[in-house]
>>> print(open('target.tsv').read())   # TSV, C-alpha atoms
chain	number	residue	atom	x	y	z
F	100	ASN	CA	26.63	-7.27	158.63
F	101	MET	CA	26.23	-7.76	154.89
F	102	LYS	CA	24.60	-5.00	152.91
F	103	GLU	CA	22.09	-5.95	150.26
F	104	ILE	CA	22.56	-4.79	146.71
F	105	LYS	CA	19.82	-2.34	145.88
F	106	LYS	CA	21.61	0.13	143.58
F	107	ALA	CA	22.92	-0.33	140.07
F	108	VAL	CA	24.80	1.81	137.58
F	109	ILE	CA	24.41	1.59	133.80
F	110	PRO	CA	27.03	3.58	131.87
F	111	VAL	CA	25.58	4.78	128.55
F	112	ALA	CA	27.94	7.58	127.55
F	113	GLY	CA	29.96	5.78	124.81
F	114	PHE	CA	29.89	6.80	121.15
F	115	GLY	CA	28.81	3.59	119.46
F	116	THR	CA	31.48	3.84	116.76
F	117	ARG	CA	31.23	0.12	115.94
F	118	LEU	CA	27.62	0.64	114.84
F	119	LEU	CA	28.08	3.70	112.62
F	120	PRO	CA	26.33	5.19	110.72
F	121	ALA	CA	23.20	4.06	112.65
F	122	THR	CA	24.54	5.74	115.79
F	123	LYS	CA	25.44	9.07	114.20
F	124	ALA	CA	22.28	10.78	115.48
F	125	GLN	CA	20.89	8.32	118.03
F	126	PRO	CA	22.39	6.52	121.00
F	127	LYS	CA	23.36	2.89	120.33
F	128	GLU	CA	21.50	1.97	123.54
F	129	MET	CA	18.24	3.04	121.86
F	130	LEU	CA	18.64	0.79	118.81
F	131	PRO	CA	15.78	-1.70	118.97
F	132	ILE	CA	16.26	-5.40	119.49
F	133	VAL	CA	13.02	-6.65	117.96
F	134	ASP	CA	10.67	-4.15	119.64
F	135	LYS	CA	12.52	-2.76	122.65
F	136	PRO	CA	15.61	-0.56	122.81
F	137	ALA	CA	18.75	-2.40	123.88
F	138	VAL	CA	19.03	-0.49	127.15
F	139	GLN	CA	15.56	-1.65	128.26
F	140	TYR	CA	16.70	-5.29	128.33
F	141	VAL	CA	19.44	-4.30	130.75
F	142	VAL	CA	17.16	-2.13	132.90
F	143	GLU	CA	14.68	-5.02	133.10
F	144	GLU	CA	17.47	-7.39	134.16
F	145	ALA	CA	18.37	-5.00	136.99
F	146	VAL	CA	14.74	-4.63	138.10
F	147	ASN	CA	14.16	-8.40	137.95
F	148	SER	CA	17.25	-8.85	140.12
F	149	GLY	CA	15.82	-6.74	142.94
F	150	ILE	CA	17.49	-3.41	142.13
F	151	GLU	CA	15.48	-0.46	143.47
F	152	GLU	CA	17.49	2.54	142.25
F	153	LEU	CA	19.31	2.94	138.95
F	154	LEU	CA	21.84	5.52	137.86
F	155	LEU	CA	22.42	6.04	134.16
F	156	VAL	CA	25.71	7.74	133.34
F	157	THR	CA	24.93	9.59	130.12
F	158	GLY	CA	26.60	11.93	127.66
F	159	ARG	CA	25.45	14.94	125.69
F	160	ASN	CA	23.99	12.97	122.77
F	161	LYS	CA	21.96	10.66	124.98
F	162	ARG	CA	18.84	12.66	125.73
F	163	ALA	CA	16.70	10.09	123.90
F	164	ILE	CA	17.42	7.62	126.70
F	165	GLU	CA	16.28	10.03	129.39
F	166	ASP	CA	13.13	10.81	127.39
F	167	TYR	CA	12.44	7.12	126.89
F	168	PHE	CA	12.25	6.34	130.61
F	169	ASP	CA	10.19	9.47	131.29
F	170	TYR	CA	6.41	9.76	131.00
F	171	ALA	CA	5.26	10.31	127.42
F	172	ILE	CA	2.30	12.53	128.31
F	173	GLU	CA	1.00	13.27	124.79
F	174	LEU	CA	1.47	9.71	123.56
F	175	GLU	CA	-0.28	8.30	126.64
F	176	ARG	CA	-3.22	10.68	126.24
F	177	GLU	CA	-3.55	9.72	122.57
F	178	LEU	CA	-3.53	5.98	123.37
F	179	GLU	CA	-6.03	6.52	126.19
F	180	GLU	CA	-8.46	8.41	123.93
F	181	LYS	CA	-8.22	5.69	121.28
F	182	GLY	CA	-8.86	2.99	123.89
F	183	LYS	CA	-5.54	1.25	123.18
F	184	THR	CA	-5.06	0.17	126.79
F	185	ASP	CA	-2.61	-2.65	126.08
F	186	LEU	CA	-0.22	-0.25	124.31
F	187	LEU	CA	-0.83	2.35	126.99
F	188	ASN	CA	0.31	-0.14	129.64
F	189	VAL	CA	3.39	-1.10	127.61
F	190	VAL	CA	4.42	2.55	127.34
F	191	ARG	CA	3.61	3.41	130.94
F	192	ASN	CA	5.38	0.38	132.44
F	193	VAL	CA	8.66	1.58	130.98
F	194	SER	CA	8.50	4.78	133.02
F	195	GLU	CA	7.27	3.07	136.19
F	196	MET	CA	9.71	0.14	136.40
F	197	VAL	CA	12.22	1.66	138.80
F	198	SER	CA	13.59	4.96	140.17
F	199	ILE	CA	16.07	6.20	137.58
F	200	TYR	CA	18.62	8.95	138.11
F	201	TYR	CA	21.00	10.51	135.61
F	202	VAL	CA	24.45	12.00	135.77
F	203	ARG	CA	26.46	13.26	132.82
F	204	GLN	CA	29.97	12.23	131.98
F	205	LYS	CA	31.17	15.46	130.36
F	206	VAL	CA	34.04	13.84	128.44
F	207	ALA	CA	33.86	10.23	127.25
F	208	ASN	CA	36.87	9.10	129.30
F	209	GLY	CA	36.06	5.43	129.41
F	210	LEU	CA	34.29	3.02	131.70
F	211	GLY	CA	36.39	3.62	134.81
F	212	ASP	CA	35.63	7.34	134.67
F	213	ALA	CA	31.93	6.65	134.02
F	214	ILE	CA	31.73	4.47	137.12
F	215	TYR	CA	33.57	7.13	139.15
F	216	HIS	CA	30.64	9.46	138.36
F	217	ALA	CA	28.43	7.16	140.50
F	218	LYS	CA	30.32	7.95	143.70
F	219	GLY	CA	27.67	10.29	145.15
F	220	PHE	CA	24.84	7.95	144.16
F	221	VAL	CA	26.42	4.87	145.72
F	222	SER	CA	27.98	6.40	148.87
F	223	ASP	CA	29.17	3.45	150.98
F	224	GLU	CA	27.17	0.47	149.71
F	225	PRO	CA	28.09	-2.42	147.45
F	226	PHE	CA	26.48	-1.88	144.04
F	227	ALA	CA	26.03	-3.46	140.62
F	228	VAL	CA	27.26	-2.26	137.24
F	229	LEU	CA	25.56	-3.43	134.05
F	230	LEU	CA	26.95	-2.55	130.63
F	231	ALA	CA	24.25	-1.90	128.05
F	232	ASP	CA	26.37	-3.40	125.24
F	233	ASP	CA	26.04	-6.82	126.84
F	234	ILE	CA	22.58	-8.30	126.69
F	235	ILE	CA	22.35	-11.63	128.49
F	236	ASP	CA	19.47	-13.94	127.69
F	237	SER	CA	18.90	-16.35	130.56
F	238	SER	CA	16.01	-17.93	132.46
F	239	LYS	CA	17.26	-16.38	135.72
F	240	PRO	CA	18.62	-12.84	135.26
F	241	CYS	CA	22.44	-12.82	135.19
F	242	LEU	CA	22.63	-10.14	137.90
F	243	LYS	CA	20.28	-12.15	140.13
F	244	GLN	CA	22.56	-15.18	139.74
F	245	MET	CA	25.47	-12.97	140.83
F	246	ILE	CA	23.60	-11.54	143.82
F	247	ASN	CA	22.88	-15.09	144.96
F	248	VAL	CA	26.61	-15.88	144.74
F	249	TYR	CA	27.36	-12.67	146.67
F	250	LYS	CA	25.19	-13.91	149.56
F	251	SER	CA	27.59	-16.83	150.10
F	252	TYR	CA	30.77	-15.10	148.90
F	253	PRO	CA	30.56	-11.40	149.77
F	254	GLY	CA	33.10	-9.44	147.75
F	255	ILE	CA	33.64	-8.08	144.28
F	256	ILE	CA	32.03	-10.38	141.72
F	257	LEU	CA	32.80	-10.35	138.01
F	258	ALA	CA	30.60	-12.08	135.45
F	259	VAL	CA	32.79	-14.25	133.21
F	260	MET	CA	32.48	-16.62	130.30
F	261	LYS	CA	34.87	-18.88	128.43
F	262	VAL	CA	36.00	-17.47	125.09
F	263	PRO	CA	38.13	-18.93	122.28
F	264	ILE	CA	41.79	-18.43	123.24
F	265	LYS	CA	42.38	-16.45	120.03
F	266	ASP	CA	39.96	-13.78	121.34
F	267	THR	CA	41.60	-13.02	124.70
F	268	ASN	CA	42.87	-9.67	123.34
F	269	LEU	CA	39.26	-8.44	123.28
F	270	TYR	CA	38.53	-8.91	127.00
F	271	GLY	CA	39.74	-8.54	130.54
F	272	ILE	CA	41.02	-12.03	131.40
F	273	VAL	CA	40.92	-13.71	134.81
F	274	LYS	CA	43.57	-15.86	136.44
F	275	GLY	CA	41.95	-17.74	139.29
F	276	LYS	CA	41.38	-20.97	141.13
F	277	LYS	CA	38.08	-22.81	141.02
F	278	ILE	CA	36.40	-22.82	144.45
F	279	ASP	CA	32.83	-23.83	143.67
F	280	ASP	CA	30.53	-24.70	140.81
F	281	ARG	CA	31.03	-21.97	138.17
F	282	LEU	CA	33.00	-19.90	140.68
F	283	TYR	CA	36.66	-18.85	140.78
F	284	GLU	CA	38.65	-16.91	143.33
F	285	VAL	CA	40.53	-14.29	141.33
F	286	GLU	CA	44.33	-14.15	141.68
F	287	ASP	CA	44.99	-11.71	138.86
F	288	LEU	CA	43.31	-9.75	136.07
F	289	ILE	CA	44.88	-8.83	132.75
F	290	GLU	CA	43.28	-6.30	130.42
F	291	LYS	CA	43.19	-7.53	126.78
F	292	PRO	CA	46.24	-9.87	126.79
F	293	ASN	CA	47.36	-11.37	123.49
F	294	PRO	CA	46.66	-15.13	123.30
F	295	MET	CA	50.32	-16.04	123.99
F	296	GLU	CA	50.28	-14.20	127.33
F	297	ALA	CA	46.72	-14.94	128.50
F	298	PRO	CA	46.62	-16.89	131.78
F	299	SER	CA	43.24	-18.45	130.82
F	300	ASN	CA	40.32	-18.09	128.44
F	301	ILE	CA	38.00	-16.87	131.21
F	302	ALA	CA	36.79	-13.44	130.09
F	303	ILE	CA	35.02	-10.66	131.98
F	304	VAL	CA	31.74	-9.46	130.48
F	305	GLY	CA	29.60	-6.46	131.38
F	306	ARG	CA	28.19	-7.34	134.80
F	307	TYR	CA	29.92	-6.48	138.06
F	308	ILE	CA	29.17	-6.35	141.76
F	309	LEU	CA	31.56	-3.77	143.20
F	310	MET	CA	32.46	-2.43	146.63
F	311	PRO	CA	32.61	1.29	147.43
F	312	SER	CA	36.41	0.88	147.73
F	313	ILE	CA	36.43	0.97	143.90
F	314	PHE	CA	36.14	4.79	143.96
F	315	GLU	CA	39.38	5.27	145.89
F	316	SER	CA	41.03	2.79	143.57
F	317	LEU	CA	39.73	4.50	140.43
F	318	LYS	CA	41.15	7.78	141.67
F	319	ASP	CA	44.59	6.19	142.09
F	320	THR	CA	44.58	4.15	138.86
F	321	LYS	CA	46.78	5.41	136.03
F	322	PRO	CA	45.32	5.49	132.52
F	323	GLY	CA	46.01	2.15	130.81
F	324	LYS	CA	45.20	0.91	127.29
F	325	ASN	CA	43.98	3.72	124.94
F	326	GLY	CA	44.74	6.33	127.61
F	327	GLU	CA	41.56	5.58	129.56
F	328	VAL	CA	41.26	4.52	133.18
F	329	GLN	CA	40.36	0.84	132.81
F	330	ILE	CA	37.93	-0.62	135.34
F	331	THR	CA	39.86	-3.91	135.13
F	332	ASP	CA	43.00	-2.15	136.37
F	333	ALA	CA	41.10	-0.46	139.21
F	334	ILE	CA	39.63	-3.81	140.32
F	335	ARG	CA	43.06	-5.42	140.06
F	336	ASN	CA	44.44	-2.81	142.47
F	337	LEU	CA	41.92	-4.03	145.05
F	338	LEU	CA	43.20	-7.63	145.04
F	339	ILE	CA	45.16	-6.94	148.21
F	340	LYS	CA	42.19	-5.60	150.21
F	341	GLU	CA	39.02	-7.20	148.79
F	342	LYS	CA	37.91	-10.74	147.99
F	343	ILE	CA	37.37	-10.91	144.24
F	344	TYR	CA	35.40	-13.69	142.59
F	345	ALA	CA	34.63	-14.58	138.99
F	346	TYR	CA	31.29	-16.23	138.31
F	347	GLU	CA	30.56	-18.11	135.10
F	348	PHE	CA	26.93	-17.13	134.58
F	349	GLU	CA	24.30	-19.27	132.90
F	350	GLY	CA	22.87	-17.73	129.75
F	351	ALA	CA	23.74	-16.45	126.29
F	352	ARG	CA	25.54	-13.13	125.97
F	353	PHE	CA	25.23	-10.87	122.95
F	354	ASP	CA	27.58	-7.95	122.31
F	355	VAL	CA	25.03	-5.59	120.81
F	356	GLY	CA	27.63	-2.81	120.55
F	357	GLU	CA	28.88	-4.34	117.30
F	358	LYS	CA	27.02	-5.23	114.11
F	359	LEU	CA	27.18	-9.02	114.11
F	360	GLY	CA	26.28	-9.32	117.80
F	361	TYR	CA	23.43	-6.87	117.28
F	362	LEU	CA	22.05	-8.94	114.40
F	363	LYS	CA	22.38	-12.20	116.35
F	364	ALA	CA	20.49	-10.72	119.29
F	365	ASN	CA	17.68	-9.56	117.02
F	366	VAL	CA	17.31	-12.99	115.42
F	367	SER	CA	17.54	-14.81	118.73
F	368	PHE	CA	14.92	-12.67	120.48
F	369	ALA	CA	12.68	-12.62	117.39
F	370	LEU	CA	12.61	-16.45	117.38
F	371	LYS	CA	11.41	-16.38	121.00
F	372	ASN	CA	8.68	-13.85	120.27
F	373	LYS	CA	5.25	-15.31	121.09
F	374	GLU	CA	3.47	-13.25	118.47
F	375	PHE	CA	5.54	-14.09	115.37
F	376	GLY	CA	8.43	-16.34	116.41
F	377	LYS	CA	7.13	-19.44	114.62
F	378	GLU	CA	6.49	-17.56	111.40
F	379	PHE	CA	9.91	-15.92	111.58
F	380	LYS	CA	11.59	-19.31	112.05
F	381	LYS	CA	9.88	-20.63	108.94
F	382	TYR	CA	10.99	-17.52	107.03
F	383	LEU	CA	14.59	-18.02	108.15
F	384	LYS	CA	14.54	-21.67	107.09
F	385	ASP	CA	13.26	-20.70	103.67
F	386	ILE	CA	15.87	-18.02	102.99
F	387	VAL	CA	18.73	-20.08	104.39
F	388	GLU	CA	17.84	-22.91	102.02
F	389	GLU	CA	17.74	-20.50	99.08
F	390	ALA	CA	21.04	-18.85	99.98
>>> encode(input="target.tsv", output="structure tokens")
Amino acid sequence: NMKEIKKAVIPVAGFGTRLLPATKAQPKEMLPIVDKPAVQYVVEEAVNSGIEELLLVTGRNKRAIEDYFDYAIELERELEEKGKTDLLNVVRNVSEMVSIYYVRQKVANGLGDAIYHAKGFVSDEPFAVLLADDIIDSSKPCLKQMINVYKSYPGIILAVMKVPIKDTNLYGIVKGKKIDDRLYEVEDLIEKPNPMEAPSNIAIVGRYILMPSIFESLKDTKPGKNGEVQITDAIRNLLIKEKIYAYEFEGARFDVGEKLGYLKANVSFALKNKEFGKEFKKYLKDIVEEA
């Protein structure tokens, strides 16, 4: 009896230090990529993958995110009176996309701890985790691709992509054997290995399908690198009791938690924009030639 995946968790309690000073007074997840805050791309991916309930794990400086997904009564009334129905719908859709719940992580103790805060929300179902720093541009939502894999291979599923071997120290790295198109059965996981010790160049990015057994494991996992409980370590501890798969998703991933990735995402999504994409492309051509 396989349970469907209807719940997802988006941890948004981090500080955004790689984007300072822009993040000094506003959450990094609210920085716009073209015309939508970063976190909305991730929420939309969850909704378009069939998720019905979302939990955002927030911190004390993240109230802007909660406000954003709430009704904006005054703004809506103003738009209504001015007859700006298209903008009214844009604003209202944000608050009506999905049921969103919030829980606060009182101390920013890392991703493992953030996910542990979802225990009451998840209870005993498999669930998805989406990291708001990773925006994945793909024709079929990355999480939906993973849920389709889960239907044939029920278990923990990690989204992975191939990275240059010199960059393995930036990621959790998978050792596994290929069992299907784009799919590996995981034999081991190593958090941020240096290139000499990395078993592969297959790197975990911010999309997971997890089993409720992760909570027990998180409780028993000792703090690892930088004194935080690493989710990679907690998943690794489940190798003996759960099937763990790594799925190489189709799509382009942007790390919008750092400046270069944030800029690339803006350019990439701006070029696809129906309203001004063509004009923007021409502008880019012109300035690149001048540079």
>>> closest_residue(input="target.tsv", among="F:Ala124, F:Cys241, F:Leu178, F:Ile104", to="F:Leu309", atoms="only C-alpha atoms")
F:Ile104
>>> closest_residue(input="target.tsv", among="F:Lys318, F:Lys291, F:Lys373, F:Lys358", to="F:Leu118", atoms="only C-alpha atoms")
F:Lys358
>>> residues_near_point(input="target.tsv", point="(34.5, 11.9, 127.3)", cutoff="10 Å", atoms="all atoms listed in the file", output="ChimeraX atom specification")
/F:112-114,158-159,203-210,212-213,327
>>> closest_atom_pairs(input="target.tsv", of="stretch 157-209 of chain F", to="stretch 134-152 of chain F", cutoff="10 Å", atoms="all atoms listed in the file", output="Markdown table")
| residue | atom | partner | partner_atom | distance |
| --- | --- | --- | --- | --- |
| F:Ile164 | CA | F:Val138 | CA | 8.3 |
| F:Tyr167 | CA | F:Pro136 | CA | 9.3 |
| F:Phe168 | CA | F:Gln139 | CA | 9.0 |
| F:Val193 | CA | F:Gln139 | CA | 8.1 |
| F:Met196 | CA | F:Val146 | CA | 7.1 |
| F:Val197 | CA | F:Glu151 | CA | 6.1 |
| F:Ser198 | CA | F:Glu152 | CA | 5.0 |
| F:Ile199 | CA | F:Glu152 | CA | 6.1 |
| F:Tyr200 | CA | F:Glu152 | CA | 7.7 |
>>> closest_residue(input="target.tsv", among="F:Met101, F:Val366, F:Ala302, F:Val202", to="F:Tyr249", atoms="all atoms listed in the file")
F:Met101
>>> atom_distance(input="target.tsv", atom1="atom CA of F:Ile172", atom2="atom CA of F:Arg191")
9.6 Å
>>> closest_residue(input="target.tsv", among="F:Tyr252, F:Phe348, F:Tyr382, F:Phe353", to="F:Phe368", atoms="all atoms listed in the file")
F:Phe353
>>> closest_residue(input="target.tsv", among="F:Val111, F:Ala369, F:Leu154, F:Leu337", to="F:Asp233", atoms="only C-alpha atoms")
F:Val111
>>> closest_residue(input="target.tsv", among="F:Lys250, F:Lys384, F:Lys161, F:Lys183", to="F:Glu103", atoms="all atoms listed in the file")
F:Lys250
>>> residues_around(input="target.tsv", residues="F:Ala163", least_positions_apart="3", cutoff="9 Å", atoms="all atoms listed in the file", output="JSON, numbers by chain")
{"F": [125, 126, 129, 160, 166, 167, 168]}
>>> atom_distance(input="target.tsv", atom1="atom CA of F:Leu282", atom2="atom CA of F:Phe314")
25.1 Å
>>> residues_near_point(input="target.tsv", point="(23.1, -19.7, 137.0)", cutoff="8 Å", atoms="all atoms listed in the file", output="number ranges by chain")
F: 239, 241, 244, 347-350
>>> atom_distance(input="target.tsv", atom1="atom CA of F:Leu229", atom2="atom CA of F:Ile109")
5.2 Å
>>> residues_around(input="target.tsv", residues="stretch 263-266 of chain F", least_positions_apart="4", cutoff="9 Å", atoms="all atoms listed in the file", output="list in words")
Tyr270, Lys291, Asn293, Pro294, Met295, Ala297, Ser299, Asn300 and Ile301 of chain F
>>> residues_around(input="target.tsv", residues="F:Ala258", least_positions_apart="3", cutoff="9 Å", atoms="only C-alpha atoms", output="list in words")
Cys241, Leu242, Met245, Ala302, Ile303, Val304, Gly305, Arg306, Tyr307, Ile308, Tyr344, Ala345, Tyr346, Glu347 and Phe348 of chain F
>>> residues_around(input="target.tsv", residues="F:Glu290", least_positions_apart="6", cutoff="7 Å", atoms="only C-alpha atoms", output="list in words")
Tyr270, Gly271, Ile272 and Thr331 of chain F
>>> build_atoms(input="target.tsv", residues="stretch 288-299 of chain F", atoms="all heavy atoms", output="PDB file, in the coordinates of the input")
ATOM      1  N   LEU F 288      44.129 -10.191 137.195  1.00  0.00           N
ATOM      2  CA  LEU F 288      43.310  -9.750 136.070  1.00  0.00           C
ATOM      3  C   LEU F 288      44.220  -9.088 135.049  1.00  0.00           C
ATOM      4  O   LEU F 288      45.054  -8.267 135.414  1.00  0.00           O
ATOM      5  CB  LEU F 288      42.313  -8.680 136.524  1.00  0.00           C
ATOM      6  CG  LEU F 288      41.303  -9.025 137.603  1.00  0.00           C
ATOM      7  CD1 LEU F 288      40.646  -7.739 138.086  1.00  0.00           C
ATOM      8  CD2 LEU F 288      40.261  -9.954 137.035  1.00  0.00           C
ATOM      9  N   ILE F 289      44.043  -9.442 133.793  1.00  0.00           N
ATOM     10  CA  ILE F 289      44.880  -8.830 132.750  1.00  0.00           C
ATOM     11  C   ILE F 289      43.954  -8.255 131.679  1.00  0.00           C
ATOM     12  O   ILE F 289      43.112  -8.954 131.125  1.00  0.00           O
ATOM     13  CB  ILE F 289      45.869  -9.848 132.138  1.00  0.00           C
ATOM     14  CG1 ILE F 289      46.862 -10.329 133.203  1.00  0.00           C
ATOM     15  CG2 ILE F 289      46.668  -9.220 131.003  1.00  0.00           C
ATOM     16  CD1 ILE F 289      46.469 -11.587 133.897  1.00  0.00           C
ATOM     17  N   GLU F 290      44.114  -6.975 131.411  1.00  0.00           N
ATOM     18  CA  GLU F 290      43.280  -6.300 130.420  1.00  0.00           C
ATOM     19  C   GLU F 290      43.785  -6.617 129.007  1.00  0.00           C
ATOM     20  O   GLU F 290      44.929  -6.340 128.658  1.00  0.00           O
ATOM     21  CB  GLU F 290      43.296  -4.778 130.674  1.00  0.00           C
ATOM     22  CG  GLU F 290      42.474  -3.936 129.714  1.00  0.00           C
ATOM     23  CD  GLU F 290      40.976  -4.219 129.778  1.00  0.00           C
ATOM     24  OE1 GLU F 290      40.439  -4.415 130.873  1.00  0.00           O
ATOM     25  OE2 GLU F 290      40.354  -4.233 128.697  1.00  0.00           O
ATOM     26  N   LYS F 291      42.940  -7.268 128.200  1.00  0.00           N
ATOM     27  CA  LYS F 291      43.190  -7.530 126.780  1.00  0.00           C
ATOM     28  C   LYS F 291      44.569  -8.131 126.469  1.00  0.00           C
ATOM     29  O   LYS F 291      45.323  -7.583 125.657  1.00  0.00           O
ATOM     30  CB  LYS F 291      42.993  -6.250 125.966  1.00  0.00           C
ATOM     31  CG  LYS F 291      41.597  -5.632 126.106  1.00  0.00           C
ATOM     32  CD  LYS F 291      41.400  -4.436 125.174  1.00  0.00           C
ATOM     33  CE  LYS F 291      39.971  -3.940 125.148  1.00  0.00           C
ATOM     34  NZ  LYS F 291      39.485  -3.396 126.431  1.00  0.00           N
ATOM     35  N   PRO F 292      44.940  -9.267 127.096  1.00  0.00           N
ATOM     36  CA  PRO F 292      46.240  -9.870 126.790  1.00  0.00           C
ATOM     37  C   PRO F 292      46.217 -10.559 125.420  1.00  0.00           C
ATOM     38  O   PRO F 292      45.162 -11.040 124.994  1.00  0.00           O
ATOM     39  CB  PRO F 292      46.390 -10.932 127.890  1.00  0.00           C
ATOM     40  CG  PRO F 292      44.990 -11.336 128.201  1.00  0.00           C
ATOM     41  CD  PRO F 292      44.148 -10.089 128.031  1.00  0.00           C
ATOM     42  N   ASN F 293      47.368 -10.585 124.729  1.00  0.00           N
ATOM     43  CA  ASN F 293      47.360 -11.370 123.490  1.00  0.00           C
ATOM     44  C   ASN F 293      47.364 -12.848 123.866  1.00  0.00           C
ATOM     45  O   ASN F 293      47.782 -13.218 124.969  1.00  0.00           O
ATOM     46  CB  ASN F 293      48.499 -10.956 122.552  1.00  0.00           C
ATOM     47  CG  ASN F 293      49.855 -11.366 123.069  1.00  0.00           C
ATOM     48  OD1 ASN F 293      50.071 -12.521 123.443  1.00  0.00           O
ATOM     49  ND2 ASN F 293      50.774 -10.417 123.088  1.00  0.00           N
ATOM     50  N   PRO F 294      46.865 -13.717 122.959  1.00  0.00           N
ATOM     51  CA  PRO F 294      46.660 -15.130 123.300  1.00  0.00           C
ATOM     52  C   PRO F 294      47.902 -15.822 123.889  1.00  0.00           C
ATOM     53  O   PRO F 294      47.762 -16.690 124.754  1.00  0.00           O
ATOM     54  CB  PRO F 294      46.269 -15.751 121.964  1.00  0.00           C
ATOM     55  CG  PRO F 294      45.594 -14.641 121.228  1.00  0.00           C
ATOM     56  CD  PRO F 294      46.319 -13.394 121.629  1.00  0.00           C
ATOM     57  N   MET F 295      49.104 -15.412 123.472  1.00  0.00           N
ATOM     58  CA  MET F 295      50.320 -16.040 123.990  1.00  0.00           C
ATOM     59  C   MET F 295      50.513 -15.756 125.482  1.00  0.00           C
ATOM     60  O   MET F 295      51.123 -16.541 126.202  1.00  0.00           O
ATOM     61  CB  MET F 295      51.556 -15.522 123.236  1.00  0.00           C
ATOM     62  CG  MET F 295      51.523 -15.722 121.729  1.00  0.00           C
ATOM     63  SD  MET F 295      51.513 -17.475 121.286  1.00  0.00           S
ATOM     64  CE  MET F 295      53.197 -17.906 121.731  1.00  0.00           C
ATOM     65  N   GLU F 296      50.028 -14.602 125.945  1.00  0.00           N
ATOM     66  CA  GLU F 296      50.280 -14.200 127.330  1.00  0.00           C
ATOM     67  C   GLU F 296      49.073 -14.402 128.253  1.00  0.00           C
ATOM     68  O   GLU F 296      49.166 -14.170 129.457  1.00  0.00           O
ATOM     69  CB  GLU F 296      50.652 -12.699 127.368  1.00  0.00           C
ATOM     70  CG  GLU F 296      51.996 -12.409 126.729  1.00  0.00           C
ATOM     71  CD  GLU F 296      52.115 -10.952 126.271  1.00  0.00           C
ATOM     72  OE1 GLU F 296      51.207 -10.148 126.581  1.00  0.00           O
ATOM     73  OE2 GLU F 296      53.116 -10.635 125.598  1.00  0.00           O
ATOM     74  N   ALA F 297      47.935 -14.821 127.686  1.00  0.00           N
ATOM     75  CA  ALA F 297      46.720 -14.940 128.500  1.00  0.00           C
ATOM     76  C   ALA F 297      46.838 -16.089 129.497  1.00  0.00           C
ATOM     77  O   ALA F 297      47.229 -17.189 129.124  1.00  0.00           O
ATOM     78  CB  ALA F 297      45.522 -15.154 127.583  1.00  0.00           C
ATOM     79  N   PRO F 298      46.535 -15.833 130.770  1.00  0.00           N
ATOM     80  CA  PRO F 298      46.620 -16.890 131.780  1.00  0.00           C
ATOM     81  C   PRO F 298      45.473 -17.900 131.696  1.00  0.00           C
ATOM     82  O   PRO F 298      45.541 -18.973 132.293  1.00  0.00           O
ATOM     83  CB  PRO F 298      46.543 -16.116 133.103  1.00  0.00           C
ATOM     84  CG  PRO F 298      45.806 -14.879 132.772  1.00  0.00           C
ATOM     85  CD  PRO F 298      46.142 -14.538 131.345  1.00  0.00           C
ATOM     86  N   SER F 299      44.389 -17.554 130.962  1.00  0.00           N
ATOM     87  CA  SER F 299      43.240 -18.450 130.820  1.00  0.00           C
ATOM     88  C   SER F 299      42.396 -17.947 129.662  1.00  0.00           C
ATOM     89  O   SER F 299      42.749 -16.968 128.999  1.00  0.00           O
ATOM     90  CB  SER F 299      42.400 -18.451 132.102  1.00  0.00           C
ATOM     91  OG  SER F 299      41.629 -17.263 132.181  1.00  0.00           O
TER      92      SER F 299
END
